[in-house]
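Source file: work-v3.tsv; contents: TSV, C-alpha atoms.
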```tsv
chain	number	residue	atom	x	y	z
V	361	MET	CA	0.00	0.00	0.00
V	362	ARG	CA	1.33	3.43	-0.95
V	363	LYS	CA	1.67	5.76	2.05
V	364	ILE	CA	1.23	9.55	1.76
V	365	LEU	CA	2.00	12.03	4.53
V	366	VAL	CA	-0.30	15.09	4.41
V	367	ILE	CA	0.76	18.23	6.31
V	368	ARG	CA	-1.53	21.11	7.26
V	369	PHE	CA	-1.21	22.97	10.53
V	370	SER	CA	-2.66	26.51	10.54
V	371	ALA	CA	-6.16	27.74	11.39
V	372	LEU	CA	-9.27	25.62	11.83
V	373	GLY	CA	-10.91	26.92	8.64
V	374	ASP	CA	-7.90	26.04	6.47
V	375	VAL	CA	-7.88	22.51	7.84
V	376	ALA	CA	-11.65	22.18	7.37
V	377	MET	CA	-11.22	22.96	3.66
V	378	LEU	CA	-8.70	20.13	3.38
V	379	VAL	CA	-11.04	17.48	4.81
V	380	PRO	CA	-13.27	16.99	1.72
V	381	VAL	CA	-10.18	16.73	-0.50
V	382	VAL	CA	-8.59	14.03	1.64
V	383	ARG	CA	-11.94	12.25	1.89
V	384	ALA	CA	-12.31	12.20	-1.90
V	385	ALA	CA	-8.67	11.12	-2.36
V	386	ALA	CA	-9.11	8.26	0.11
V	387	GLU	CA	-12.39	7.08	-1.40
V	388	GLN	CA	-11.05	7.18	-4.95
V	389	ASN	CA	-7.66	5.66	-4.06
V	390	PRO	CA	-8.41	2.87	-1.55
V	391	GLU	CA	-4.99	1.31	-2.15
V	392	THR	CA	-3.30	4.43	-0.70
V	393	GLU	CA	-3.00	5.31	2.98
V	394	PHE	CA	-3.18	8.99	3.91
V	395	THR	CA	-1.69	10.08	7.23
V	396	VAL	CA	-2.69	13.64	8.12
V	397	ILE	CA	-0.60	15.73	10.51
V	398	SER	CA	-2.41	18.73	11.94
V	399	ARG	CA	-3.00	20.49	15.25
V	400	GLN	CA	-4.50	18.32	17.97
V	401	GLN	CA	-7.50	20.66	18.18
V	402	THR	CA	-8.66	19.66	14.67
V	403	GLU	CA	-9.09	15.97	15.44
V	404	ALA	CA	-12.89	16.15	15.43
V	405	LEU	CA	-12.83	17.27	11.79
V	406	TRP	CA	-11.33	13.95	10.71
V	407	SER	CA	-13.90	11.59	12.21
V	408	GLY	CA	-16.02	9.50	9.89
V	409	LEU	CA	-13.47	9.40	7.06
V	410	PRO	CA	-12.50	6.19	5.20
V	411	ALA	CA	-10.34	3.66	7.03
V	412	ASN	CA	-7.30	4.54	4.91
V	413	VAL	CA	-7.14	8.01	6.51
V	414	VAL	CA	-5.07	8.25	9.70
V	415	PHE	CA	-4.94	11.42	11.81
V	416	PHE	CA	-1.99	12.40	13.98
V	417	GLY	CA	-2.42	15.38	16.27
V	418	ALA	CA	0.63	17.61	16.66
V	419	ASP	CA	1.22	19.56	19.87
V	420	ILE	CA	3.08	22.43	18.18
V	421	LYS	CA	2.89	24.63	21.27
V	422	GLY	CA	4.11	21.87	23.55
V	423	ARG	CA	6.22	18.80	22.92
V	424	HIS	CA	6.38	19.43	19.14
V	425	LYS	CA	7.38	23.08	19.40
V	426	GLY	CA	10.40	24.33	17.46
V	427	THR	CA	12.83	22.34	15.34
V	428	LYS	CA	13.57	19.85	18.13
V	429	GLY	CA	9.84	19.29	18.59
V	430	LEU	CA	9.27	18.82	14.88
V	431	ARG	CA	12.06	16.27	14.74
V	432	LYS	CA	10.43	14.46	17.67
V	433	LEU	CA	7.08	14.59	15.82
V	434	MET	CA	8.57	13.05	12.70
V	435	ASN	CA	10.24	10.30	14.68
V	436	GLU	CA	6.97	9.53	16.45
V	437	ILE	CA	5.22	8.90	13.14
V	438	ASP	CA	8.29	7.11	11.70
V	439	TYR	CA	8.41	9.39	8.67
V	440	THR	CA	10.82	7.18	6.72
V	441	ARG	CA	8.03	4.66	6.10
V	442	PHE	CA	6.17	7.07	3.81
V	443	ASP	CA	6.49	7.17	0.05
V	444	ALA	CA	5.65	10.83	-0.49
V	445	VAL	CA	4.68	14.06	1.26
V	446	ALA	CA	1.84	16.44	0.37
V	447	ASP	CA	2.74	19.75	2.00
V	448	MET	CA	-0.59	21.60	2.08
V	449	HIS	CA	0.78	24.43	4.22
V	450	SER	CA	4.12	25.56	2.75
V	451	VAL	CA	5.46	27.66	5.64
V	452	LEU	CA	8.70	27.51	7.64
V	453	ARG	CA	7.40	24.78	9.93
V	454	SER	CA	6.35	22.49	7.09
V	455	TRP	CA	9.48	23.34	5.05
V	456	TYR	CA	11.63	21.97	7.86
V	457	ILE	CA	9.65	18.74	7.69
V	458	ASP	CA	9.97	18.72	3.89
V	459	ILE	CA	13.77	18.96	4.12
V	460	MET	CA	13.88	16.02	6.53
V	461	CYS	CA	11.72	13.96	4.18
V	462	ILE	CA	13.71	14.87	1.07
V	463	ALA	CA	16.90	13.88	2.87
V	464	ALA	CA	15.28	10.52	3.59
V	465	GLY	CA	14.52	10.04	-0.11
V	466	LEU	CA	10.80	10.89	-0.02
V	467	LYS	CA	9.05	12.69	-2.85
V	468	VAL	CA	7.72	16.05	-1.63
V	469	ARG	CA	5.22	18.33	-3.35
V	470	LYS	CA	4.03	21.66	-1.94
V	471	ILE	CA	0.91	23.77	-2.36
V	472	ASP	CA	1.09	26.75	-4.69
V	473	LYS	CA	-0.60	29.46	-2.66
V	474	GLY	CA	-0.64	31.93	-5.53
V	475	ARG	CA	1.01	34.64	-3.46
V	476	ALA	CA	1.73	36.91	-6.44
V	477	GLU	CA	-1.81	36.81	-7.79
V	478	LYS	CA	-3.24	37.37	-4.31
V	479	TRP	CA	-1.00	40.40	-3.93
V	480	TRP	CA	-2.34	41.75	-7.23
V	481	LEU	CA	-5.93	41.01	-6.18
V	482	THR	CA	-5.56	43.31	-3.17
V	483	CYS	CA	-3.50	45.98	-4.97
V	484	ARG	CA	-5.27	49.35	-4.99
V	485	PHE	CA	-4.25	49.88	-8.62
V	486	ASN	CA	-6.01	46.73	-9.80
V	487	HIS	CA	-9.51	47.83	-10.75
V	488	HIS	CA	-10.46	44.61	-12.56
V	489	LYS	CA	-10.82	42.01	-9.84
V	490	SER	CA	-11.34	38.38	-10.84
V	491	GLN	CA	-11.82	35.00	-9.21
V	492	LEU	CA	-8.64	33.16	-8.21
V	493	LYS	CA	-8.26	29.42	-7.84
V	494	ARG	CA	-10.14	28.04	-4.86
V	495	THR	CA	-8.03	26.80	-1.94
V	496	ILE	CA	-9.67	23.41	-2.13
V	497	HIS	CA	-8.51	23.13	-5.75
V	498	ARG	CA	-4.98	24.10	-4.72
V	499	TYR	CA	-5.07	21.18	-2.27
V	500	ARG	CA	-6.26	18.87	-5.04
V	501	ASP	CA	-3.39	20.02	-7.27
V	502	VAL	CA	-0.81	18.88	-4.70
V	503	PHE	CA	-2.20	15.35	-4.87
V	504	ALA	CA	-2.15	15.56	-8.67
V	505	LYS	CA	1.58	16.35	-8.53
V	506	LEU	CA	2.01	13.08	-6.65
V	507	GLY	CA	0.06	11.17	-9.28
V	508	ILE	CA	-3.07	10.87	-7.15
V	509	LYS	CA	-6.20	11.69	-9.12
V	510	VAL	CA	-8.94	13.37	-7.10
V	511	ASP	CA	-12.35	14.34	-8.46
V	512	ILE	CA	-14.26	16.67	-6.17
V	513	ASN	CA	-17.96	17.16	-6.71
V	514	GLU	CA	-19.08	20.43	-5.17
V	515	PRO	CA	-22.13	19.89	-2.94
V	516	ARG	CA	-25.23	22.01	-3.04
V	517	PHE	CA	-26.93	22.68	0.25
V	518	GLU	CA	-30.66	22.97	0.81
V	519	ASN	CA	-32.47	24.49	3.77
V	520	ARG	CA	-33.01	21.84	6.41
V	521	GLY	CA	-33.09	21.44	10.15
V	522	ASN	CA	-34.25	24.03	12.65
V	523	GLY	CA	-32.73	27.17	14.07
V	524	VAL	CA	-30.16	29.65	12.84
V	525	GLY	CA	-26.55	29.75	13.90
V	526	ILE	CA	-24.77	33.08	14.20
V	527	ALA	CA	-20.99	33.37	14.45
V	528	PRO	CA	-20.30	37.12	14.65
V	529	PHE	CA	-16.55	37.03	15.19
V	530	ALA	CA	-13.38	36.44	13.19
V	531	ALA	CA	-9.67	36.51	13.90
V	532	GLN	CA	-9.14	39.87	12.16
V	533	LYS	CA	-10.91	43.21	12.53
V	534	GLY	CA	-11.36	43.63	8.79
V	535	LYS	CA	-13.68	40.61	8.75
V	536	ILE	CA	-15.99	41.47	11.65
V	537	PHE	CA	-19.36	43.10	11.01
V	538	PRO	CA	-20.03	45.80	13.67
V	539	ILE	CA	-21.05	43.88	16.79
V	540	ASP	CA	-23.87	46.25	17.76
V	541	GLU	CA	-25.36	45.82	14.28
V	542	MET	CA	-24.94	42.06	14.43
V	543	GLU	CA	-26.75	42.04	17.75
V	544	LYS	CA	-29.71	43.65	16.00
V	545	VAL	CA	-29.59	40.94	13.33
V	546	ALA	CA	-29.55	38.21	15.98
V	547	ALA	CA	-32.43	39.80	17.89
V	548	ASP	CA	-34.46	40.13	14.70
V	549	VAL	CA	-33.94	36.48	13.74
V	550	ALA	CA	-34.72	35.34	17.31
V	551	ARG	CA	-38.25	36.75	17.01
V	552	ASN	CA	-39.16	33.81	14.79
V	553	GLU	CA	-36.77	30.97	15.60
V	554	THR	CA	-34.04	29.81	17.93
V	555	VAL	CA	-30.62	31.40	17.46
V	556	TYR	CA	-27.47	29.50	18.38
V	557	LEU	CA	-24.43	31.69	19.08
V	558	PHE	CA	-20.92	30.49	18.17
V	559	GLY	CA	-17.54	31.95	19.06
V	560	GLY	CA	-14.40	31.44	21.11
V	561	GLY	CA	-12.28	33.29	23.62
V	562	LYS	CA	-13.40	34.86	26.89
V	563	LYS	CA	-14.27	38.29	25.49
V	564	GLU	CA	-16.39	36.81	22.70
V	565	ILE	CA	-18.13	34.40	25.05
V	566	ASP	CA	-18.96	37.23	27.47
V	567	ILE	CA	-20.63	39.18	24.66
V	568	LEU	CA	-22.61	36.16	23.43
V	569	GLU	CA	-23.73	35.24	26.93
V	570	SER	CA	-24.96	38.81	27.44
V	571	TRP	CA	-27.10	38.41	24.30
V	572	GLU	CA	-28.43	35.12	25.65
V	573	ARG	CA	-29.52	36.80	28.88
V	574	LYS	CA	-31.01	39.79	27.07
V	575	TYR	CA	-33.13	38.02	24.43
V	576	ASP	CA	-35.48	35.07	24.29
V	577	ASN	CA	-34.75	32.23	21.85
V	578	MET	CA	-30.97	32.69	22.04
V	579	ILE	CA	-28.61	29.93	23.13
V	580	CYS	CA	-24.89	30.52	23.60
V	581	VAL	CA	-23.00	27.51	22.31
V	582	ALA	CA	-19.56	29.12	22.67
V	583	GLY	CA	-17.38	27.77	25.45
V	584	ARG	CA	-19.85	25.08	26.49
V	585	HIS	CA	-19.22	22.26	24.03
V	586	THR	CA	-16.43	20.33	22.38
V	587	LEU	CA	-15.68	20.95	18.72
V	588	ALA	CA	-17.36	17.65	17.87
V	589	ASP	CA	-20.52	18.74	19.68
V	590	GLU	CA	-20.49	22.13	17.93
V	591	LEU	CA	-20.27	20.40	14.56
V	592	GLU	CA	-23.33	18.30	15.41
V	593	ILE	CA	-25.26	21.42	16.45
V	594	MET	CA	-24.31	23.10	13.17
V	595	ARG	CA	-25.38	20.00	11.26
V	596	GLY	CA	-28.90	20.37	12.63
V	597	LEU	CA	-29.33	24.04	11.70
V	598	ARG	CA	-31.45	25.45	8.93
V	599	LEU	CA	-28.96	28.20	8.26
V	600	MET	CA	-25.69	29.67	9.50
V	601	ILE	CA	-24.70	33.36	9.45
V	602	ALA	CA	-20.95	33.78	9.71
V	603	MET	CA	-18.07	36.04	8.82
V	604	ASP	CA	-15.28	34.97	6.47
V	605	SER	CA	-14.02	32.77	9.29
V	606	GLY	CA	-13.49	29.26	10.56
V	607	ASN	CA	-17.16	28.83	11.48
V	608	MET	CA	-18.15	29.36	7.83
V	609	HIS	CA	-15.92	26.42	6.91
V	610	LEU	CA	-17.09	24.26	9.80
V	611	ALA	CA	-20.72	24.73	8.80
V	612	SER	CA	-19.81	23.96	5.19
V	613	LEU	CA	-18.10	20.77	6.29
V	614	VAL	CA	-21.31	19.43	7.86
V	615	GLY	CA	-23.50	20.51	4.93
V	616	THR	CA	-25.22	23.57	6.35
V	617	ARG	CA	-26.02	26.57	4.18
V	618	VAL	CA	-24.12	29.72	5.17
V	619	ILE	CA	-24.85	33.38	4.62
V	620	SER	CA	-21.31	34.74	4.77
V	621	VAL	CA	-20.29	38.32	5.49
V	622	TRP	CA	-17.26	39.84	3.74
V	623	GLY	CA	-15.51	43.11	4.49
V	624	ALA	CA	-11.85	43.74	3.72
V	625	THR	CA	-11.57	40.24	2.25
V	626	HIS	CA	-13.38	38.83	-0.79
V	627	PRO	CA	-14.52	35.40	-2.05
V	628	TYR	CA	-12.31	36.03	-5.10
V	629	ALA	CA	-9.28	35.07	-2.98
V	630	GLY	CA	-10.53	31.46	-2.98
V	631	PHE	CA	-11.68	31.03	0.62
V	632	LEU	CA	-15.46	30.78	0.21
V	633	GLY	CA	-16.90	27.86	2.17
V	634	TRP	CA	-16.93	24.68	0.11
V	635	GLY	CA	-20.26	24.23	-1.67
V	636	GLN	CA	-21.61	27.61	-0.58
V	637	ALA	CA	-23.39	29.76	-3.16
V	638	GLU	CA	-21.94	33.08	-4.26
V	639	GLU	CA	-25.39	34.63	-3.98
V	640	ASP	CA	-25.25	33.94	-0.23
V	641	CYS	CA	-22.21	36.20	0.14
V	642	ARG	CA	-23.06	39.56	1.70
V	643	GLN	CA	-20.62	42.29	0.72
V	644	ARG	CA	-20.25	45.73	-0.81
V	645	ASP	CA	-19.42	45.52	-4.49
V	646	ASP	CA	-19.54	49.30	-4.91
V	647	LEU	CA	-16.15	49.91	-3.28
V	648	ARG	CA	-13.10	49.89	-5.53
V	649	CYS	CA	-10.86	49.48	-2.47
V	650	ARG	CA	-12.13	45.93	-1.90
V	651	PRO	CA	-10.51	43.57	-1.30
V	652	CYS	CA	-7.62	45.30	0.42
V	653	SER	CA	-6.49	42.23	2.35
V	654	ILE	CA	-6.39	38.47	1.88
V	655	TYR	CA	-6.74	37.72	5.59
V	656	GLY	CA	-8.42	40.90	6.87
V	657	ASN	CA	-5.40	41.87	8.96
V	658	LYS	CA	-4.58	45.20	7.30
V	659	GLU	CA	-5.71	48.49	8.77
V	660	CYS	CA	-8.38	50.28	6.76
V	661	ARG	CA	-6.72	53.00	4.68
V	662	TYR	CA	-9.70	55.26	5.39
V	663	GLY	CA	-9.93	54.32	9.05
V	664	ASP	CA	-13.66	53.59	9.02
V	665	TYR	CA	-13.99	50.06	7.58
V	666	ARG	CA	-16.70	51.25	5.22
V	667	CYS	CA	-16.65	47.82	3.59
V	668	LEU	CA	-18.52	46.53	6.66
V	669	LYS	CA	-21.23	49.17	6.64
V	670	PHE	CA	-24.37	47.85	4.97
V	671	ASN	CA	-27.82	46.58	5.91
V	672	LEU	CA	-27.43	42.97	6.96
V	673	GLN	CA	-30.73	42.66	8.80
V	674	HIS	CA	-32.83	42.57	5.65
V	675	ASP	CA	-30.48	40.11	3.93
V	676	CYS	CA	-30.41	37.63	6.80
V	677	ASN	CA	-34.09	37.70	7.75
V	678	GLN	CA	-35.07	34.96	5.31
```
Can you present the structure in this file as structure tokens?
Amino acid sequence: MRKILVIRFSALGDVAMLVPVVRAAAEQNPETEFTVISRQQTEALWSGLPANVVFFGADIKGRHKGTKGLRKLMNEIDYTRFDAVADMHSVLRSWYIDIMCIAAGLKVRKIDKGRAEKWWLTCRFNHHKSQLKRTIHRYRDVFAKLGIKVDINEPRFENRGNGVGIAPFAAQKGKIFPIDEMEKVAADVARNETVYLFGGGKKEIDILESWERKYDNMICVAGRHTLADELEIMRGLRLMIAMDSGNMHLASLVGTRVISVWGATHPYAGFLGWGQAEEDCRQRDDLRCRPCSIYGNKECRYGDYRCLKFNLQHDCNQ
């Protein structure tokens, strides 16, 4: 049996986008074993996959931290037994692993992140924005370089389940719809059905719990459940409202329709939730300054984040 090592650390959303690619690769290549190395926190994302997918959780802030930790990680998985490496991350940490594997005679192929085209997409002098290759397709291309054919059929989601999930936060300011306005959206939706609130971190949880106390039909999920439990709650929802964030990708992974909110970033960069419809993206297309950032981490050049000022209540009350 051919053995492939798949590497992807990084954020939860990036890992969630990799799952359907590995699933398809495993189903279509049952004679190949895929061992995925990712952060321990992502383990729940890999449940229910074919038997030829093995997950190994890396403790990159603990025993696998730094070059010594990475060497320990590779020894723990006995990296010399693999035939090839699919580096789906392509950063310093994964490059160190790549070098070790190349030295051991393994074939290594890395993701092409399209850094130059993403720079041009966010350049203020580019007034003709266009869709770039989707991240999930970039993952597929790495397998293709290793001679592993993967056909991915994009799912289409239909309204199902009960309740609406709302995830009002993101890692970067340029992705977050004004919280006071999002509270109005949540309150409006809660008049007709149950709203489930998702987030992470003490400050976010405090805000969501204050909404729960203030309004009927609101349940704060944040900080009270495991990731596996949150995925099951999302699976049972009729709809999810989320920023360009990890929760958009988690909901996509379990087949829930998402109305996604975009500010400084844009679906053109290739990070729209897998299977989600472009018409469910809420954004301002009248601003020539968008997108100004791939990850939403740049300060607004005007200082007012005008890209996040629009009427979301009407769009989400459906």
Segment 426-542 of chain V near segment 548-563 of chain V within 8 Å: what's each residue's closest atom pair and its distance in Å to one decimal, counting only C-alpha atoms, ordered by chain then ascending residue number, as a tab-separated table?
```
residue	atom	partner	partner_atom	distance
V:Asn522	CA	V:Thr554	CA	7.8
V:Gly523	CA	V:Thr554	CA	4.9
V:Val524	CA	V:Val555	CA	5.0
V:Gly525	CA	V:Tyr556	CA	4.6
V:Ile526	CA	V:Leu557	CA	5.1
V:Ala527	CA	V:Phe558	CA	4.7
V:Pro528	CA	V:Gly559	CA	7.3
V:Phe529	CA	V:Gly559	CA	6.5
```
Could you give me, as a ChimeraX atom specification, the residues within 7 Å of Gly630 of chain V, counting only C-alpha atoms and dropping anything in the same chain fewer than 2 positions from it? /V:492-495,627-628,632
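Taking atom CA of Ile536 of chain V as the reference point, atom CA of Gly606 of chain V is found at 12.5 Å.
Distances from V:Leu599, V:Asn607, V:Arg661, V:Ile654 to Ala582 of chain V were compared using all atoms listed in the file, and the smallest one belongs to V:Asn607.
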So which one's closest to Ile420 of chain V, V:Ile462, V:Gly663, V:Val382, V:Arg368? Using only C-alpha atoms, please.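 The shortest atom-to-atom distance to Ile420 of chain V comes from V:Arg368.
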8 Å contact set for Val468 of chain V, only C-alpha atoms, chain neighbours under 3 positions out, as a tab-separated table (two decimals) with C-alpha atoms, keeping the file's coordinate frame:
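This is the output file selection.tsv:
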```
chain	number	residue	atom	x	y	z
V	444	ALA	CA	5.65	10.83	-0.49
V	445	VAL	CA	4.68	14.06	1.26
V	446	ALA	CA	1.84	16.44	0.37
V	447	ASP	CA	2.74	19.75	2.00
V	458	ASP	CA	9.97	18.72	3.89
V	461	CYS	CA	11.72	13.96	4.18
V	462	ILE	CA	13.71	14.87	1.07
```
ask   = For Glu477 of chain V, which residue out of V:Asn389, V:Leu409, V:Ser490, V:Ala611 is the nearest one, using all atoms listed in the file?
value =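 Using all atoms listed in the file, Glu477 of chain V sits closest to V:Ser490.
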Can you measure atom CA of Lys470 of chain V to atom CA of Ala376 of chain V for me? One decimal in Å is fine.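 Result for atom CA of Lys470 of chain V versus atom CA of Ala376 of chain V: 18.2 Å, one decimal.
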